[in-house]
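A.B. asks: So that we are looking at the same thing, I have put the structure below in structure tokens.
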Amino acid sequence: MATSDKITPAQVLFPLCLLSFVVVIFLGFQTSLLVNARSGFEAAKTQQEKPLAQIGKVRGQLNALISGTVALSHQGNKDAEKIVKQLEAAGVKLGPQEPPPPPAKK
């Protein structure tokens, strides 16, 4: 074996540094993509909060209207009884309703 066939530390250092540099650049690029995706998801979530609050408000109003109609039907109001029968036929729950659980906060 000739002395020129031996691999020196200087010959190994350059490819190793180059590989390390490429890996760091790749990880930085992936991190930037993940940060951009996360900000997009947060923006979408923010845009959904107002409609969800409105849905909760409408649901509460509907529940109050239904419970008032059921109370009227128990008092003997014929029109309220017809409405209750139609609601039951449509599959609307008329018993005591629990509010939906609030969305998870982080």
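Every chain in the structure tokens has a letter given in the order shown (A, B, ...), and although residue numbers restart at 1 in each chain, ligands are simply numbered from 1 in the order shown.
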Could you find all residues in stretch 27-102 of chain A that DSSP calls alpha helix (DSSP H) from the backbone, and write them as a count of residues only?
C.D. replies: 61
A.B. asks: May I ask for the distance between atom CA of A:Ser39 and atom CA of A:Ile25, given in Å to one decimal place?
C.D. replies: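 Taking atom CA of A:Ser39 and atom CA of A:Ile25, their separation equals 21.4 Å.
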A.B. asks: For a quick check of understanding, using only C-alpha atoms, which of A:Val24, A:Leu94, A:Ala44, A:Ala53 has the smallest distance to A:Leu65?
C.D. replies: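 Using only C-alpha atoms, A:Leu65 sits closest to A:Leu94.
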A.B. asks: When you look at A:Val92 with a cut-off of 12 Å (counting only C-alpha atoms), what residues show up, excluding the ones that are within fewer than 4 positions of it in the same chain? I need them as a ChimeraX atom specification.
C.D. replies: /A:62-63,66-67,70,83-88,96-97
A.B. asks: Could you write those residues out with N, CA and C atoms, as an mmCIF file, in the first residue's frame?
C.D. replies:
```cif
data_model
loop_
_atom_site.group_PDB
_atom_site.id
_atom_site.type_symbol
_atom_site.label_atom_id
_atom_site.label_comp_id
_atom_site.auth_asym_id
_atom_site.auth_seq_id
_atom_site.Cartn_x
_atom_site.Cartn_y
_atom_site.Cartn_z
ATOM 1 N N LEU A 62 -83.173 28.749 19.920
ATOM 2 C CA LEU A 62 -84.041 27.670 19.451
ATOM 3 C C LEU A 62 -84.487 26.786 20.610
ATOM 4 N N ASN A 63 -83.580 26.467 21.508
ATOM 5 C CA ASN A 63 -83.933 25.652 22.668
ATOM 6 C C ASN A 63 -84.955 26.372 23.545
ATOM 7 N N ILE A 66 -88.308 26.162 21.750
ATOM 8 C CA ILE A 66 -88.879 24.817 21.836
ATOM 9 C C ILE A 66 -89.409 24.542 23.228
ATOM 10 N N SER A 67 -88.655 24.906 24.261
ATOM 11 C CA SER A 67 -89.136 24.641 25.616
ATOM 12 C C SER A 67 -90.375 25.477 25.938
ATOM 13 N N VAL A 70 -93.223 23.647 24.232
ATOM 14 C CA VAL A 70 -93.568 22.431 24.983
ATOM 15 C C VAL A 70 -94.357 22.811 26.231
ATOM 16 N N ILE A 83 -97.573 21.761 16.946
ATOM 17 C CA ILE A 83 -96.162 22.083 16.655
ATOM 18 C C ILE A 83 -95.246 21.049 17.298
ATOM 19 N N VAL A 84 -95.562 20.648 18.536
ATOM 20 C CA VAL A 84 -94.739 19.651 19.235
ATOM 21 C C VAL A 84 -94.785 18.323 18.488
ATOM 22 N N LYS A 85 -95.961 17.939 17.996
ATOM 23 C CA LYS A 85 -96.064 16.682 17.243
ATOM 24 C C LYS A 85 -95.237 16.757 15.955
ATOM 25 N N GLN A 86 -95.284 17.909 15.285
ATOM 26 C CA GLN A 86 -94.493 18.073 14.058
ATOM 27 C C GLN A 86 -92.991 18.048 14.356
ATOM 28 N N LEU A 87 -92.614 18.653 15.464
ATOM 29 C CA LEU A 87 -91.189 18.642 15.845
ATOM 30 C C LEU A 87 -90.730 17.223 16.171
ATOM 31 N N GLU A 88 -91.583 16.473 16.883
ATOM 32 C CA GLU A 88 -91.229 15.091 17.212
ATOM 33 C C GLU A 88 -91.128 14.248 15.940
ATOM 34 N N PRO A 96 -85.286 17.688 28.161
ATOM 35 C CA PRO A 96 -84.239 18.602 28.651
ATOM 36 C C PRO A 96 -82.948 18.370 27.876
ATOM 37 N N GLN A 97 -82.445 19.443 27.315
ATOM 38 C CA GLN A 97 -81.267 19.329 26.462
ATOM 39 C C GLN A 97 -80.056 19.924 27.167
#
```
A.B. asks: Report, in Å with one decimal, the straight-line distance from atom CA of A:Ala64 to atom CA of A:Gln47.
C.D. replies: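 Atom CA of A:Gln47 lies 27.4 Å from atom CA of A:Ala64.
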